[in-house]
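Have a look at the structure below, then the notes.
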Amino acid sequence: MVVMGVAGSGKTTIGRLLAERLGVPYAEADDFHPAANVDKMTAGVPLDDADRAPWLDAIAEWIGGQRDKGGVVTCSALRHPYRERLRRADADLWFLHLDVPKDVIAERMAKREGHFMPPSLIDSQFAALEPLHEGEAGAKVDATRAPERIVEDVLRAYPTP
């Protein structure tokens, strides 16, 4: 499962909770970024597709390694081509889109400490966001609710083998 959404949508919180409840490994996509990407974002410069390619490939490699045992990874996966790139590692990949309005994201980002993604990149995140396409395996949930409620809803919707 890939927990996707813009920065500040709650991917880390929800991803960790889901992995714990499912009893599967968890990975944080931020840990897969090359140093150059982190430097660029810290400077307030949005990543382009060329920047994202090695990052997405590293995440896809992790996903491929979890194919038999399952796993939860966070990844913005904002655009359909990025999700397709990840899906090449596992055709059964399921995406959870954490949907949060821009004003709520702005509030969350203003309170966030110790993260390389500055609030100045919020607009670029929303500009790049492509909702799940019809037929894409996954679900979109309102992520303004309490994390435990989100997790309960997701576990009811998630197709378990």
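Each chain in the structure tokens gets a letter, A, B and so on, in the order shown; residues start at 1 in every chain, and ligands are counted from 1 in the order they appear.
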Residues flagged helix (DSSP H, G or I) by DSSP in stretch 22-129 of chain A, as number ranges by chain: A: 22, 29-32, 35-42, 49-66, 80-87, 102-111, 119-128
Test item: residues at most 6 Å from A:Ser76, only C-alpha atoms, excluding those fewer than 3 positions along its chain, as a list in words: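 Residues near the query, excluding close chain neighbours: Met4, Gly5 and Val6 of chain A.
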Shell around A:Ala137 at 9 Å using only C-alpha atoms, local window under 6 positions removed, as a list of chain:residue names: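 Here the qualifying residues turn out to be A:Asp92, A:Leu93, A:Trp94, A:Phe95, A:Leu96.
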Looking at A:Gly8, A:Pro54, A:Pro81, A:Pro147, which one is nearest to A:Phe126, with distances taken over only C-alpha atoms? A:Gly8
Out of A:Ala27, A:Ala127, A:Ile105, A:Val154, which residue has the shortest atom-to-atom distance to A:Ala139 when counting only C-alpha atoms?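 The closest residue to A:Ala139 is A:Val154.
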So how many Å separate atom CA of A:Arg79 and atom CA of A:Arg52, to one decimal? 11.2 Å
Residue with smallest distance to A:Asp68 - pool A:Asp142, A:Asp49, A:Asp90, A:Glu20, counting only C-alpha atoms: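 Among A:Asp142, A:Asp49, A:Asp90, A:Glu20, it is A:Asp90 that comes nearest to A:Asp68.
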In stretch 19-158 of chain A, DSSP strand (DSSP E or B) residues written as a PDB file with C-alpha atoms, in the first residue's frame:
ATOM      1  CA  TYR A  26       6.742   0.454   6.944  1.00  0.00           C
ATOM      2  CA  ALA A  27       8.934   2.811   4.917  1.00  0.00           C
ATOM      3  CA  GLU A  28       9.005   6.610   4.788  1.00  0.00           C
ATOM      4  CA  VAL A  72       3.116   0.282   3.681  1.00  0.00           C
ATOM      5  CA  VAL A  73       5.155   3.113   2.208  1.00  0.00           C
ATOM      6  CA  THR A  74       4.442   6.821   2.164  1.00  0.00           C
ATOM      7  CA  PHE A  95      -2.964   3.726  -3.262  1.00  0.00           C
ATOM      8  CA  LEU A  96      -4.528   5.549  -0.339  1.00  0.00           C
ATOM      9  CA  HIS A  97      -4.989   9.237  -1.208  1.00  0.00           C
ATOM     10  CA  LEU A  98      -5.173  11.414   1.903  1.00  0.00           C
ATOM     11  CA  ASP A  99      -7.348  14.334   0.847  1.00  0.00           C
ATOM     12  CA  GLY A 138      -7.039   2.650  -4.277  1.00  0.00           C
ATOM     13  CA  ALA A 139      -9.259   5.001  -2.336  1.00  0.00           C
ATOM     14  CA  LYS A 140      -9.451   8.673  -1.412  1.00  0.00           C
ATOM     15  CA  VAL A 141     -10.257   9.543   2.197  1.00  0.00           C
ATOM     16  CA  ASP A 142     -10.960  12.750   4.077  1.00  0.00           C
TER      17      ASP A 142
END
If we count only C-alpha atoms, what is near A:Arg21 at a cut-off of 12 Å, once residues fewer than 2 positions away on the same chain are taken out, given as a VMD selection string? chain A and resid 14 to 19 23 to 26 71 to 72 148 151 to 152 154 to 155
File of the preceding selection, N, CA and C atoms, as a CSV table (one decimal), in the first residue's frame:
chain,number,residue,atom,x,y,z
A,14,ILE,N,-0.5,8.3,9.3
A,14,ILE,CA,-1.5,7.2,8.8
A,14,ILE,C,-0.7,6.0,8.4
A,15,GLY,N,0.4,6.2,7.7
A,15,GLY,CA,1.2,5.1,7.2
A,15,GLY,C,1.7,4.2,8.3
A,16,ARG,N,2.2,4.8,9.4
A,16,ARG,CA,2.7,4.1,10.5
A,16,ARG,C,1.6,3.3,11.2
A,17,LEU,N,0.5,3.9,11.4
A,17,LEU,CA,-0.6,3.3,12.0
A,17,LEU,C,-1.1,2.1,11.2
A,18,LEU,N,-1.2,2.3,9.9
A,18,LEU,CA,-1.7,1.2,9.0
A,18,LEU,C,-0.7,0.0,9.1
A,19,ALA,N,0.6,0.3,9.0
A,19,ALA,CA,1.6,-0.8,9.0
A,19,ALA,C,1.5,-1.6,10.3
A,23,GLY,N,0.4,-5.3,10.5
A,23,GLY,CA,1.6,-6.2,10.9
A,23,GLY,C,2.5,-6.3,9.7
A,24,VAL,N,2.8,-5.2,9.0
A,24,VAL,CA,3.7,-5.3,7.8
A,24,VAL,C,4.8,-4.2,8.0
A,25,PRO,N,5.9,-4.3,7.2
A,25,PRO,CA,6.9,-3.3,7.3
A,25,PRO,C,6.4,-2.0,6.8
A,26,TYR,N,7.1,-0.9,7.3
A,26,TYR,CA,6.7,0.5,6.9
A,26,TYR,C,8.0,1.1,6.4
A,71,GLY,N,3.5,-4.5,2.7
A,71,GLY,CA,4.1,-3.3,3.3
A,71,GLY,C,3.4,-2.1,3.1
A,72,VAL,N,3.7,-1.0,3.8
A,72,VAL,CA,3.1,0.3,3.7
A,72,VAL,C,4.3,1.3,3.5
A,148,GLU,N,-7.2,7.7,13.9
A,148,GLU,CA,-7.8,6.4,14.2
A,148,GLU,C,-9.0,6.1,13.4
A,151,VAL,N,-7.9,5.3,9.8
A,151,VAL,CA,-7.3,4.0,9.7
A,151,VAL,C,-8.4,2.9,9.7
A,152,GLU,N,-9.4,3.1,10.5
A,152,GLU,CA,-10.6,2.2,10.6
A,152,GLU,C,-11.3,2.1,9.2
A,154,VAL,N,-10.0,2.9,6.3
A,154,VAL,CA,-9.1,2.4,5.3
A,154,VAL,C,-9.1,0.8,5.4
A,155,LEU,N,-9.0,0.3,6.6
A,155,LEU,CA,-8.9,-1.1,6.8
A,155,LEU,C,-10.2,-1.8,6.3
